[in-house]
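To be precise, the following lines are protein32.pdb, and they hold PDB, C-alpha atoms.
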```pdb
ATOM      1  CA  MET A   1     -39.439  84.332 -41.327  1.00  0.00           C
ATOM      2  CA  LEU A   2     -38.529  80.706 -40.593  1.00  0.00           C
ATOM      3  CA  GLN A   3     -36.251  80.640 -43.646  1.00  0.00           C
ATOM      4  CA  GLN A   4     -34.384  83.719 -42.377  1.00  0.00           C
ATOM      5  CA  VAL A   5     -33.639  82.255 -38.943  1.00  0.00           C
ATOM      6  CA  PHE A   6     -33.088  78.637 -40.003  1.00  0.00           C
ATOM      7  CA  TYR A   7     -29.313  78.902 -40.158  1.00  0.00           C
ATOM      8  CA  PRO A   8     -28.935  80.803 -36.855  1.00  0.00           C
ATOM      9  CA  LEU A   9     -31.083  78.062 -35.261  1.00  0.00           C
ATOM     10  CA  VAL A  10     -28.872  75.359 -36.742  1.00  0.00           C
ATOM     11  CA  PHE A  11     -25.753  77.178 -35.548  1.00  0.00           C
ATOM     12  CA  ILE A  12     -27.059  77.471 -31.976  1.00  0.00           C
ATOM     13  CA  VAL A  13     -28.086  73.804 -31.807  1.00  0.00           C
ATOM     14  CA  LEU A  14     -24.758  72.657 -33.237  1.00  0.00           C
ATOM     15  CA  LEU A  15     -22.669  74.959 -31.047  1.00  0.00           C
ATOM     16  CA  ILE A  16     -24.359  74.324 -27.695  1.00  0.00           C
ATOM     17  CA  GLY A  17     -26.842  71.484 -28.137  1.00  0.00           C
ATOM     18  CA  ILE A  18     -24.608  68.977 -29.906  1.00  0.00           C
ATOM     19  CA  SER A  19     -21.689  69.767 -27.601  1.00  0.00           C
ATOM     20  CA  HIS A  20     -23.540  68.978 -24.372  1.00  0.00           C
ATOM     21  CA  GLY A  21     -22.356  65.363 -24.515  1.00  0.00           C
ATOM     22  CA  SER A  22     -18.761  66.355 -25.217  1.00  0.00           C
ATOM     23  CA  LEU A  23     -17.663  65.814 -21.618  1.00  0.00           C
ATOM     24  CA  ASP A  24     -18.795  62.199 -21.435  1.00  0.00           C
ATOM     25  CA  ASP A  25     -15.249  60.826 -21.523  1.00  0.00           C
ATOM     26  CA  LEU A  26     -14.077  63.094 -18.705  1.00  0.00           C
ATOM     27  CA  LEU A  27     -17.161  62.258 -16.642  1.00  0.00           C
ATOM     28  CA  ALA A  28     -16.531  58.553 -17.217  1.00  0.00           C
ATOM     29  CA  ARG A  29     -12.921  58.995 -16.075  1.00  0.00           C
ATOM     30  CA  GLN A  30     -14.075  60.952 -13.018  1.00  0.00           C
ATOM     31  CA  ALA A  31     -16.363  58.033 -12.121  1.00  0.00           C
ATOM     32  CA  GLY A  32     -13.490  55.582 -12.412  1.00  0.00           C
ATOM     33  CA  LEU A  33     -14.717  53.891 -15.593  1.00  0.00           C
ATOM     34  CA  LEU A  34     -11.703  54.963 -17.689  1.00  0.00           C
ATOM     35  CA  LYS A  35      -8.262  54.515 -16.172  1.00  0.00           C
ATOM     36  CA  SER A  36      -5.842  54.139 -19.063  1.00  0.00           C
ATOM     37  CA  ARG A  37      -5.270  55.291 -22.635  1.00  0.00           C
ATOM     38  CA  ALA A  38      -6.562  51.929 -23.809  1.00  0.00           C
ATOM     39  CA  ASP A  39      -9.789  52.543 -21.884  1.00  0.00           C
ATOM     40  CA  PHE A  40     -10.186  55.935 -23.573  1.00  0.00           C
ATOM     41  CA  LEU A  41      -9.530  54.413 -27.001  1.00  0.00           C
ATOM     42  CA  LEU A  42     -12.129  51.701 -26.435  1.00  0.00           C
ATOM     43  CA  PHE A  43     -14.568  54.307 -25.110  1.00  0.00           C
ATOM     44  CA  TYR A  44     -14.259  56.456 -28.240  1.00  0.00           C
ATOM     45  CA  LEU A  45     -14.461  53.443 -30.515  1.00  0.00           C
ATOM     46  CA  GLY A  46     -17.559  52.093 -28.777  1.00  0.00           C
ATOM     47  CA  TYR A  47     -19.188  55.540 -28.710  1.00  0.00           C
ATOM     48  CA  ILE A  48     -18.674  56.069 -32.453  1.00  0.00           C
ATOM     49  CA  LEU A  49     -19.700  52.535 -33.432  1.00  0.00           C
ATOM     50  CA  LEU A  50     -22.872  52.777 -31.349  1.00  0.00           C
ATOM     51  CA  ALA A  51     -23.756  56.126 -32.958  1.00  0.00           C
ATOM     52  CA  ILE A  52     -23.180  54.711 -36.446  1.00  0.00           C
ATOM     53  CA  SER A  53     -25.270  51.642 -35.572  1.00  0.00           C
ATOM     54  CA  VAL A  54     -28.188  53.850 -34.527  1.00  0.00           C
ATOM     55  CA  VAL A  55     -28.137  55.617 -37.910  1.00  0.00           C
ATOM     56  CA  ALA A  56     -27.887  52.317 -39.784  1.00  0.00           C
ATOM     57  CA  VAL A  57     -30.858  50.847 -37.899  1.00  0.00           C
ATOM     58  CA  TRP A  58     -32.833  54.075 -38.432  1.00  0.00           C
ATOM     59  CA  LEU A  59     -32.409  53.891 -42.213  1.00  0.00           C
ATOM     60  CA  TYR A  60     -33.947  50.400 -42.294  1.00  0.00           C
ATOM     61  CA  PHE A  61     -36.492  50.708 -39.476  1.00  0.00           C
ATOM     62  CA  PRO A  62     -37.483  54.391 -39.222  1.00  0.00           C
ATOM     63  CA  ILE A  63     -40.828  53.816 -37.471  1.00  0.00           C
ATOM     64  CA  ILE A  64     -39.431  51.652 -34.676  1.00  0.00           C
ATOM     65  CA  SER A  65     -36.385  53.913 -34.413  1.00  0.00           C
ATOM     66  CA  LEU A  66     -38.487  57.062 -34.013  1.00  0.00           C
ATOM     67  CA  ILE A  67     -40.663  55.417 -31.346  1.00  0.00           C
ATOM     68  CA  ILE A  68     -37.583  54.369 -29.378  1.00  0.00           C
ATOM     69  CA  PHE A  69     -35.959  57.779 -29.847  1.00  0.00           C
ATOM     70  CA  LEU A  70     -39.026  59.605 -28.549  1.00  0.00           C
ATOM     71  CA  LEU A  71     -39.171  57.318 -25.504  1.00  0.00           C
ATOM     72  CA  ILE A  72     -35.498  57.685 -24.620  1.00  0.00           C
ATOM     73  CA  SER A  73     -35.728  61.434 -25.250  1.00  0.00           C
ATOM     74  CA  ALA A  74     -38.681  61.652 -22.852  1.00  0.00           C
ATOM     75  CA  GLN A  75     -36.681  59.765 -20.222  1.00  0.00           C
ATOM     76  CA  HIS A  76     -33.545  61.828 -20.867  1.00  0.00           C
ATOM     77  CA  PHE A  77     -35.391  65.170 -20.659  1.00  0.00           C
ATOM     78  CA  SER A  78     -37.276  64.004 -17.562  1.00  0.00           C
ATOM     79  CA  GLN A  79     -33.999  63.476 -15.733  1.00  0.00           C
ATOM     80  CA  ASP A  80     -33.478  67.234 -15.774  1.00  0.00           C
ATOM     81  CA  GLN A  81     -36.300  67.294 -13.212  1.00  0.00           C
ATOM     82  CA  ASN A  82     -36.135  63.807 -11.671  1.00  0.00           C
ATOM     83  CA  GLU A  83     -33.244  61.344 -11.290  1.00  0.00           C
ATOM     84  CA  SER A  84     -35.426  58.234 -11.715  1.00  0.00           C
ATOM     85  CA  ILE A  85     -34.676  56.223 -14.858  1.00  0.00           C
ATOM     86  CA  PHE A  86     -38.382  55.329 -14.980  1.00  0.00           C
ATOM     87  CA  GLU A  87     -39.565  58.944 -15.129  1.00  0.00           C
ATOM     88  CA  LEU A  88     -41.164  59.876 -18.460  1.00  0.00           C
ATOM     89  CA  ARG A  89     -43.950  62.354 -17.753  1.00  0.00           C
ATOM     90  CA  PHE A  90     -41.918  65.576 -17.793  1.00  0.00           C
ATOM     91  CA  GLY A  91     -40.207  64.626 -21.041  1.00  0.00           C
ATOM     92  CA  LEU A  92     -43.468  63.526 -22.663  1.00  0.00           C
ATOM     93  CA  ILE A  93     -45.012  66.918 -21.888  1.00  0.00           C
ATOM     94  CA  ILE A  94     -42.005  68.656 -23.454  1.00  0.00           C
ATOM     95  CA  LEU A  95     -42.253  66.490 -26.582  1.00  0.00           C
ATOM     96  CA  ALA A  96     -46.036  66.899 -26.820  1.00  0.00           C
ATOM     97  CA  VAL A  97     -46.065  70.705 -26.741  1.00  0.00           C
ATOM     98  CA  PRO A  98     -45.435  71.276 -30.489  1.00  0.00           C
ATOM     99  CA  ALA A  99     -47.908  68.489 -31.354  1.00  0.00           C
ATOM    100  CA  TRP A 100     -50.625  70.276 -29.348  1.00  0.00           C
ATOM    101  CA  PHE A 101     -50.094  73.750 -30.723  1.00  0.00           C
ATOM    102  CA  HIS A 102     -48.535  73.169 -34.169  1.00  0.00           C
ATOM    103  CA  PRO A 103     -49.635  69.705 -35.341  1.00  0.00           C
ATOM    104  CA  THR A 104     -49.107  70.326 -39.071  1.00  0.00           C
ATOM    105  CA  SER A 105     -45.534  71.596 -38.703  1.00  0.00           C
ATOM    106  CA  THR A 106     -44.760  68.845 -36.202  1.00  0.00           C
ATOM    107  CA  SER A 107     -46.078  66.218 -38.601  1.00  0.00           C
ATOM    108  CA  GLU A 108     -43.882  67.593 -41.391  1.00  0.00           C
ATOM    109  CA  ILE A 109     -40.773  67.404 -39.199  1.00  0.00           C
ATOM    110  CA  LEU A 110     -41.560  63.899 -37.972  1.00  0.00           C
ATOM    111  CA  SER A 111     -42.219  62.793 -41.547  1.00  0.00           C
ATOM    112  CA  LEU A 112     -38.662  63.834 -42.406  1.00  0.00           C
ATOM    113  CA  LEU A 113     -37.422  61.616 -39.602  1.00  0.00           C
ATOM    114  CA  LEU A 114     -39.603  58.802 -40.923  1.00  0.00           C
ATOM    115  CA  LEU A 115     -37.830  59.237 -44.276  1.00  0.00           C
ATOM    116  CA  GLY A 116     -41.007  60.399 -45.998  1.00  0.00           C
ATOM    117  CA  LEU A 117     -43.592  58.206 -44.278  1.00  0.00           C
ATOM    118  CA  PRO A 118     -46.728  59.919 -42.868  1.00  0.00           C
ATOM    119  CA  ALA A 119     -46.456  60.998 -39.225  1.00  0.00           C
ATOM    120  CA  ASP A 120     -50.058  61.814 -38.250  1.00  0.00           C
ATOM    121  CA  LEU A 121     -50.278  58.857 -35.835  1.00  0.00           C
ATOM    122  CA  PHE A 122     -47.099  60.009 -34.102  1.00  0.00           C
ATOM    123  CA  VAL A 123     -48.571  63.478 -33.629  1.00  0.00           C
ATOM    124  CA  LEU A 124     -51.756  61.945 -32.209  1.00  0.00           C
ATOM    125  CA  GLY A 125     -49.699  59.717 -29.909  1.00  0.00           C
ATOM    126  CA  LEU A 126     -47.676  62.656 -28.605  1.00  0.00           C
ATOM    127  CA  LYS A 127     -50.858  64.609 -27.905  1.00  0.00           C
ATOM    128  CA  LEU A 128     -52.390  61.673 -26.030  1.00  0.00           C
ATOM    129  CA  PHE A 129     -49.374  60.701 -23.939  1.00  0.00           C
ATOM    130  CA  GLY A 130     -48.627  64.338 -23.236  1.00  0.00           C
ATOM    131  CA  ALA A 131     -52.155  64.820 -21.892  1.00  0.00           C
ATOM    132  CA  ILE A 132     -51.850  61.690 -19.728  1.00  0.00           C
ATOM    133  CA  SER A 133     -48.539  63.030 -18.395  1.00  0.00           C
ATOM    134  CA  ILE A 134     -50.170  66.332 -17.403  1.00  0.00           C
ATOM    135  CA  ILE A 135     -52.876  64.409 -15.510  1.00  0.00           C
ATOM    136  CA  LEU A 136     -50.165  62.411 -13.712  1.00  0.00           C
ATOM    137  CA  CYS A 137     -48.348  65.620 -12.810  1.00  0.00           C
ATOM    138  CA  LEU A 138     -51.541  67.215 -11.503  1.00  0.00           C
ATOM    139  CA  GLY A 139     -52.202  64.100  -9.423  1.00  0.00           C
ATOM    140  CA  SER A 140     -48.901  64.540  -7.597  1.00  0.00           C
ATOM    141  CA  ILE A 141     -48.440  68.286  -7.916  1.00  0.00           C
ATOM    142  CA  SER A 142     -47.702  68.673  -4.201  1.00  0.00           C
ATOM    143  CA  LYS A 143     -44.547  66.579  -4.719  1.00  0.00           C
ATOM    144  CA  ILE A 144     -43.260  68.679  -7.629  1.00  0.00           C
ATOM    145  CA  ASN A 145     -41.080  71.615  -6.616  1.00  0.00           C
ATOM    146  CA  ASN A 146     -41.966  75.147  -7.684  1.00  0.00           C
ATOM    147  CA  LYS A 147     -38.842  75.506  -9.844  1.00  0.00           C
ATOM    148  CA  THR A 148     -39.870  72.511 -11.964  1.00  0.00           C
ATOM    149  CA  LEU A 149     -43.445  73.754 -12.337  1.00  0.00           C
ATOM    150  CA  PHE A 150     -42.266  77.234 -13.303  1.00  0.00           C
ATOM    151  CA  GLU A 151     -39.824  75.837 -15.854  1.00  0.00           C
ATOM    152  CA  LEU A 152     -42.501  73.612 -17.402  1.00  0.00           C
ATOM    153  CA  LEU A 153     -44.845  76.595 -17.624  1.00  0.00           C
ATOM    154  CA  ILE A 154     -42.184  78.600 -19.478  1.00  0.00           C
ATOM    155  CA  ILE A 155     -41.486  75.673 -21.839  1.00  0.00           C
ATOM    156  CA  VAL A 156     -45.194  75.171 -22.650  1.00  0.00           C
ATOM    157  CA  THR A 157     -45.621  78.909 -23.217  1.00  0.00           C
ATOM    158  CA  LEU A 158     -42.674  78.950 -25.606  1.00  0.00           C
ATOM    159  CA  GLY A 159     -44.158  75.986 -27.453  1.00  0.00           C
ATOM    160  CA  TYR A 160     -47.432  77.855 -27.916  1.00  0.00           C
ATOM    161  CA  PHE A 161     -45.811  80.875 -29.542  1.00  0.00           C
ATOM    162  CA  LEU A 162     -42.871  79.311 -31.389  1.00  0.00           C
ATOM    163  CA  HIS A 163     -42.643  77.155 -34.493  1.00  0.00           C
ATOM    164  CA  PRO A 164     -41.558  73.594 -33.517  1.00  0.00           C
ATOM    165  CA  LEU A 165     -38.033  74.152 -34.862  1.00  0.00           C
ATOM    166  CA  PHE A 166     -37.689  77.369 -32.819  1.00  0.00           C
ATOM    167  CA  TYR A 167     -39.118  75.573 -29.810  1.00  0.00           C
ATOM    168  CA  PHE A 168     -36.783  72.615 -30.123  1.00  0.00           C
ATOM    169  CA  ALA A 169     -33.693  74.779 -30.594  1.00  0.00           C
ATOM    170  CA  PHE A 170     -34.597  76.993 -27.627  1.00  0.00           C
ATOM    171  CA  TYR A 171     -35.464  74.120 -25.287  1.00  0.00           C
ATOM    172  CA  PHE A 172     -32.596  71.829 -26.249  1.00  0.00           C
ATOM    173  CA  THR A 173     -30.028  74.611 -26.076  1.00  0.00           C
ATOM    174  CA  PHE A 174     -31.083  76.843 -23.203  1.00  0.00           C
ATOM    175  CA  PHE A 175     -32.813  74.339 -20.949  1.00  0.00           C
ATOM    176  CA  HIS A 176     -31.611  70.769 -21.443  1.00  0.00           C
ATOM    177  CA  SER A 177     -28.025  71.443 -22.534  1.00  0.00           C
ATOM    178  CA  LEU A 178     -27.430  74.102 -19.892  1.00  0.00           C
ATOM    179  CA  HIS A 179     -28.853  71.772 -17.214  1.00  0.00           C
ATOM    180  CA  HIS A 180     -26.370  69.126 -18.297  1.00  0.00           C
ATOM    181  CA  PHE A 181     -23.401  71.504 -18.480  1.00  0.00           C
ATOM    182  CA  GLN A 182     -24.200  72.806 -15.016  1.00  0.00           C
ATOM    183  CA  TRP A 183     -24.185  69.258 -13.645  1.00  0.00           C
ATOM    184  CA  ALA A 184     -21.073  68.243 -15.615  1.00  0.00           C
ATOM    185  CA  PHE A 185     -19.010  71.252 -14.534  1.00  0.00           C
ATOM    186  CA  GLY A 186     -19.996  70.521 -10.940  1.00  0.00           C
ATOM    187  CA  GLU A 187     -18.754  66.949 -11.330  1.00  0.00           C
ATOM    188  CA  LEU A 188     -15.497  68.067 -12.953  1.00  0.00           C
ATOM    189  CA  ILE A 189     -14.698  70.741 -10.391  1.00  0.00           C
ATOM    190  CA  LYS A 190     -11.157  69.380  -9.958  1.00  0.00           C
ATOM    191  CA  SER A 191     -10.368  69.796 -13.680  1.00  0.00           C
ATOM    192  CA  SER A 192      -9.134  73.124 -15.014  1.00  0.00           C
ATOM    193  CA  THR A 193     -11.516  75.236 -17.069  1.00  0.00           C
ATOM    194  CA  SER A 194      -9.072  75.402 -19.986  1.00  0.00           C
ATOM    195  CA  PHE A 195      -8.747  71.605 -20.068  1.00  0.00           C
ATOM    196  CA  ILE A 196     -12.540  71.176 -20.036  1.00  0.00           C
ATOM    197  CA  ILE A 197     -12.996  73.703 -22.856  1.00  0.00           C
ATOM    198  CA  LYS A 198     -10.344  71.991 -24.975  1.00  0.00           C
ATOM    199  CA  ARG A 199     -12.104  68.653 -24.497  1.00  0.00           C
ATOM    200  CA  ILE A 200     -15.465  70.214 -25.421  1.00  0.00           C
ATOM    201  CA  LEU A 201     -13.984  71.647 -28.637  1.00  0.00           C
ATOM    202  CA  LEU A 202     -12.264  68.384 -29.568  1.00  0.00           C
ATOM    203  CA  ASN A 203     -15.291  66.149 -29.013  1.00  0.00           C
ATOM    204  CA  THR A 204     -17.694  68.641 -30.597  1.00  0.00           C
ATOM    205  CA  LEU A 205     -15.488  68.709 -33.701  1.00  0.00           C
ATOM    206  CA  LEU A 206     -15.632  64.909 -33.786  1.00  0.00           C
ATOM    207  CA  ALA A 207     -19.446  65.069 -33.551  1.00  0.00           C
ATOM    208  CA  PHE A 208     -19.522  67.600 -36.415  1.00  0.00           C
ATOM    209  CA  ILE A 209     -17.469  65.240 -38.567  1.00  0.00           C
ATOM    210  CA  LEU A 210     -19.869  62.361 -37.891  1.00  0.00           C
ATOM    211  CA  LEU A 211     -22.888  64.572 -38.667  1.00  0.00           C
ATOM    212  CA  PHE A 212     -21.303  65.810 -41.896  1.00  0.00           C
ATOM    213  CA  MET A 213     -20.591  62.221 -42.949  1.00  0.00           C
ATOM    214  CA  TYR A 214     -24.268  61.389 -42.510  1.00  0.00           C
ATOM    215  CA  PHE A 215     -25.396  64.609 -44.226  1.00  0.00           C
ATOM    216  CA  SER A 216     -23.281  63.786 -47.275  1.00  0.00           C
ATOM    217  CA  THR A 217     -25.103  60.454 -47.698  1.00  0.00           C
ATOM    218  CA  ILE A 218     -28.609  62.000 -47.937  1.00  0.00           C
ATOM    219  CA  GLU A 219     -29.843  62.251 -51.514  1.00  0.00           C
ATOM    220  CA  GLY A 220     -32.491  64.578 -52.953  1.00  0.00           C
ATOM    221  CA  ASP A 221     -34.833  66.897 -51.021  1.00  0.00           C
ATOM    222  CA  THR A 222     -34.046  70.514 -50.115  1.00  0.00           C
ATOM    223  CA  PHE A 223     -30.914  71.588 -48.294  1.00  0.00           C
ATOM    224  CA  GLU A 224     -32.959  72.710 -45.259  1.00  0.00           C
ATOM    225  CA  ASN A 225     -34.739  69.350 -45.043  1.00  0.00           C
ATOM    226  CA  LYS A 226     -31.434  67.504 -45.265  1.00  0.00           C
ATOM    227  CA  VAL A 227     -30.003  69.644 -42.467  1.00  0.00           C
ATOM    228  CA  THR A 228     -33.108  69.105 -40.303  1.00  0.00           C
ATOM    229  CA  GLN A 229     -32.983  65.345 -40.841  1.00  0.00           C
ATOM    230  CA  THR A 230     -29.259  65.287 -40.101  1.00  0.00           C
ATOM    231  CA  ILE A 231     -29.628  67.197 -36.845  1.00  0.00           C
ATOM    232  CA  PHE A 232     -32.505  65.134 -35.465  1.00  0.00           C
ATOM    233  CA  ILE A 233     -31.292  61.704 -36.548  1.00  0.00           C
ATOM    234  CA  GLY A 234     -27.751  62.742 -35.678  1.00  0.00           C
ATOM    235  CA  LEU A 235     -28.940  63.758 -32.223  1.00  0.00           C
ATOM    236  CA  ALA A 236     -30.588  60.357 -31.860  1.00  0.00           C
ATOM    237  CA  ALA A 237     -27.330  58.656 -32.829  1.00  0.00           C
ATOM    238  CA  LEU A 238     -25.336  60.706 -30.312  1.00  0.00           C
ATOM    239  CA  THR A 239     -27.982  60.519 -27.580  1.00  0.00           C
ATOM    240  CA  VAL A 240     -27.874  56.715 -27.310  1.00  0.00           C
ATOM    241  CA  PRO A 241     -24.161  56.442 -26.380  1.00  0.00           C
ATOM    242  CA  HIS A 242     -24.495  59.636 -24.306  1.00  0.00           C
ATOM    243  CA  MET A 243     -27.324  58.138 -22.244  1.00  0.00           C
ATOM    244  CA  ALA A 244     -25.503  54.806 -21.987  1.00  0.00           C
ATOM    245  CA  THR A 245     -22.471  56.635 -20.591  1.00  0.00           C
ATOM    246  CA  LEU A 246     -24.531  58.559 -18.044  1.00  0.00           C
ATOM    247  CA  TYR A 247     -26.270  55.345 -16.982  1.00  0.00           C
ATOM    248  CA  LEU A 248     -22.930  53.596 -16.407  1.00  0.00           C
ATOM    249  CA  ILE A 249     -21.603  56.610 -14.489  1.00  0.00           C
ATOM    250  CA  LYS A 250     -24.605  56.768 -12.170  1.00  0.00           C
ATOM    251  CA  ARG A 251     -24.578  52.988 -11.718  1.00  0.00           C
ATOM    252  CA  ARG A 252     -20.894  53.119 -10.790  1.00  0.00           C
ATOM    253  CA  ARG A 253     -21.518  55.931  -8.296  1.00  0.00           C
ATOM    254  CA  ALA A 254     -24.379  53.985  -6.716  1.00  0.00           C
ATOM    255  CA  SER A 255     -22.338  50.796  -6.286  1.00  0.00           C
TER     256      SER A 255
END
```
File written out as structure tokens:
Amino acid sequence: MLQQVFYPLVFIVLLIGISHGSLDDLLARQAGLLKSRADFLLFYLGYILLAISVVAVWLYFPIISLIIFLLISAQHFSQDQNESIFELRFGLIILAVPAWFHPTSTSEILSLLLLGLPADLFVLGLKLFGAISIILCLGSISKINNKTLFELLIIVTLGYFLHPLFYFAFYFTFFHSLHHFQWAFGELIKSSTSFIIKRILLNTLLAFILLFMYFSTIEGDTFENKVTQTIFIGLAALTVPHMATLYLIKRRRAS
């Protein structure tokens, strides 16, 4: 069953998930960070170089890289529910769900990201920190709005029934990416829809090219494993400059 839906899952993640950072340049311009063609050129150059640097570091230090990626992912996902840059609990729960309900499959996926190293300690860590995060949420449940609680309940339920790859694709595409697009379109209300779509297509194509370049460097293993590794490590590479851009935008707006 998983083999039959693997490619549709990949297509959905690439089409919607990967593209959710494709408006970063327009958002940076809207915030006043980019004012000239030279600014845009430097932005693209810095974005690409930072993404490539993340992949290069990952290949030499996969354990440290995965730890950092999980932490920044927890913070990034948490911001869907809370604007604080110090918020981790919501994201840690989201990351822990497959480790709780499907530890073997989760370990296999994480081992791919560790370039073949065992991932049992990572699974244990996700379970532990996820449980601590639930306790923290319960301790302040009166301060959490009903929409957030309902969404977390849906996400945990999906994680119980779905294989980790299904779960990731569904969450990343239909929760996180749609949250971001909703916010981004609200910020870019003065830009025409056609212009926004063209920019999404252009930057998504650029992301595809970068992912394909990385995919072509992976040797051995099955095609599915190479694709899985490319998507996750590629997402890590794109997430770092994406988060850096959002941080600079919010810092500029707060100043």
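You can rank A:Leu136, A:Leu112, A:Ala244, A:Ala254 by their closest distance to Phe43 of chain A using all atoms listed in the file, and at the top of that list sits A:Ala244.
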Which one is closest to Trp100 of chain A: A:Phe195, A:Phe223, A:Tyr160, A:Tyr171? Count only C-alpha atoms.
->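 Once distances to Trp100 of chain A are computed over only C-alpha atoms, the minimum belongs to A:Tyr160.
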Find the spatial neighbours of Lys127 of chain A, counting only C-alpha atoms, within a cut-off of 10 Å - ignore same-chain residues fewer than 4 positions away - and output them as a list in words.
->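 That gives Leu92, Ile93, Leu95, Ala96, Val97, Pro98, Ala99, Trp100, Phe101, Pro103, Leu121, Phe122, Val123, Ala131, Ile132 and Ser133 of chain A.
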Within 10 Å of Leu66 of chain A, counting all atoms listed in the file, which residues qualify if same-chain residues fewer than 4 places away don't, as a ChimeraX atom specification?
-> /A:58,61-62,70-72,110,113-114,122,233,236
Evaluate the PyMOL selection byres ((chain A and resi 152) around 12) here and jot the selected residues down as a ChimeraX atom specification.
-> /A:77-78,80-81,89-95,97,134,137,144-151,153-159,171,175-176
Write out the residues from the selection above, keeping C-alpha atoms, as a PDB file, in the coordinates of the input.
```
ATOM      1  CA  PHE A  77     -35.391  65.170 -20.659  1.00  0.00           C
ATOM      2  CA  SER A  78     -37.276  64.004 -17.562  1.00  0.00           C
ATOM      3  CA  ASP A  80     -33.478  67.234 -15.774  1.00  0.00           C
ATOM      4  CA  GLN A  81     -36.300  67.294 -13.212  1.00  0.00           C
ATOM      5  CA  ARG A  89     -43.950  62.354 -17.753  1.00  0.00           C
ATOM      6  CA  PHE A  90     -41.918  65.576 -17.793  1.00  0.00           C
ATOM      7  CA  GLY A  91     -40.207  64.626 -21.041  1.00  0.00           C
ATOM      8  CA  LEU A  92     -43.468  63.526 -22.663  1.00  0.00           C
ATOM      9  CA  ILE A  93     -45.012  66.918 -21.888  1.00  0.00           C
ATOM     10  CA  ILE A  94     -42.005  68.656 -23.454  1.00  0.00           C
ATOM     11  CA  LEU A  95     -42.253  66.490 -26.582  1.00  0.00           C
ATOM     12  CA  VAL A  97     -46.065  70.705 -26.741  1.00  0.00           C
ATOM     13  CA  ILE A 134     -50.170  66.332 -17.403  1.00  0.00           C
ATOM     14  CA  CYS A 137     -48.348  65.620 -12.810  1.00  0.00           C
ATOM     15  CA  ILE A 144     -43.260  68.679  -7.629  1.00  0.00           C
ATOM     16  CA  ASN A 145     -41.080  71.615  -6.616  1.00  0.00           C
ATOM     17  CA  ASN A 146     -41.966  75.147  -7.684  1.00  0.00           C
ATOM     18  CA  LYS A 147     -38.842  75.506  -9.844  1.00  0.00           C
ATOM     19  CA  THR A 148     -39.870  72.511 -11.964  1.00  0.00           C
ATOM     20  CA  LEU A 149     -43.445  73.754 -12.337  1.00  0.00           C
ATOM     21  CA  PHE A 150     -42.266  77.234 -13.303  1.00  0.00           C
ATOM     22  CA  GLU A 151     -39.824  75.837 -15.854  1.00  0.00           C
ATOM     23  CA  LEU A 153     -44.845  76.595 -17.624  1.00  0.00           C
ATOM     24  CA  ILE A 154     -42.184  78.600 -19.478  1.00  0.00           C
ATOM     25  CA  ILE A 155     -41.486  75.673 -21.839  1.00  0.00           C
ATOM     26  CA  VAL A 156     -45.194  75.171 -22.650  1.00  0.00           C
ATOM     27  CA  THR A 157     -45.621  78.909 -23.217  1.00  0.00           C
ATOM     28  CA  LEU A 158     -42.674  78.950 -25.606  1.00  0.00           C
ATOM     29  CA  GLY A 159     -44.158  75.986 -27.453  1.00  0.00           C
ATOM     30  CA  TYR A 171     -35.464  74.120 -25.287  1.00  0.00           C
ATOM     31  CA  PHE A 175     -32.813  74.339 -20.949  1.00  0.00           C
ATOM     32  CA  HIS A 176     -31.611  70.769 -21.443  1.00  0.00           C
TER      33      HIS A 176
END
```
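Shortest separation to Thr104 of chain A among A:Gly116, A:His163, A:Leu138, A:Val57 occurs at residue A:His163, atoms counted being all atoms listed in the file.
Distance annotation: of A:Ile209, A:Ile18, A:Gln229, A:Asp25, the residue with the minimal separation from Gly46 of chain A is A:Asp25; atom set is only C-alpha atoms.
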Which distance in Å separates atom CA of Phe40 of chain A and atom CA of Leu188 of chain A, to one decimal?
->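 Separation between atom CA of Phe40 of chain A and atom CA of Leu188 of chain A: 17.0 Å.
Nearest-residue note for Asp221 of chain A: choosing from A:Tyr60, A:Leu115, A:Tyr7, A:Met243, the minimum distance belongs to A:Leu115, counting only C-alpha atoms.
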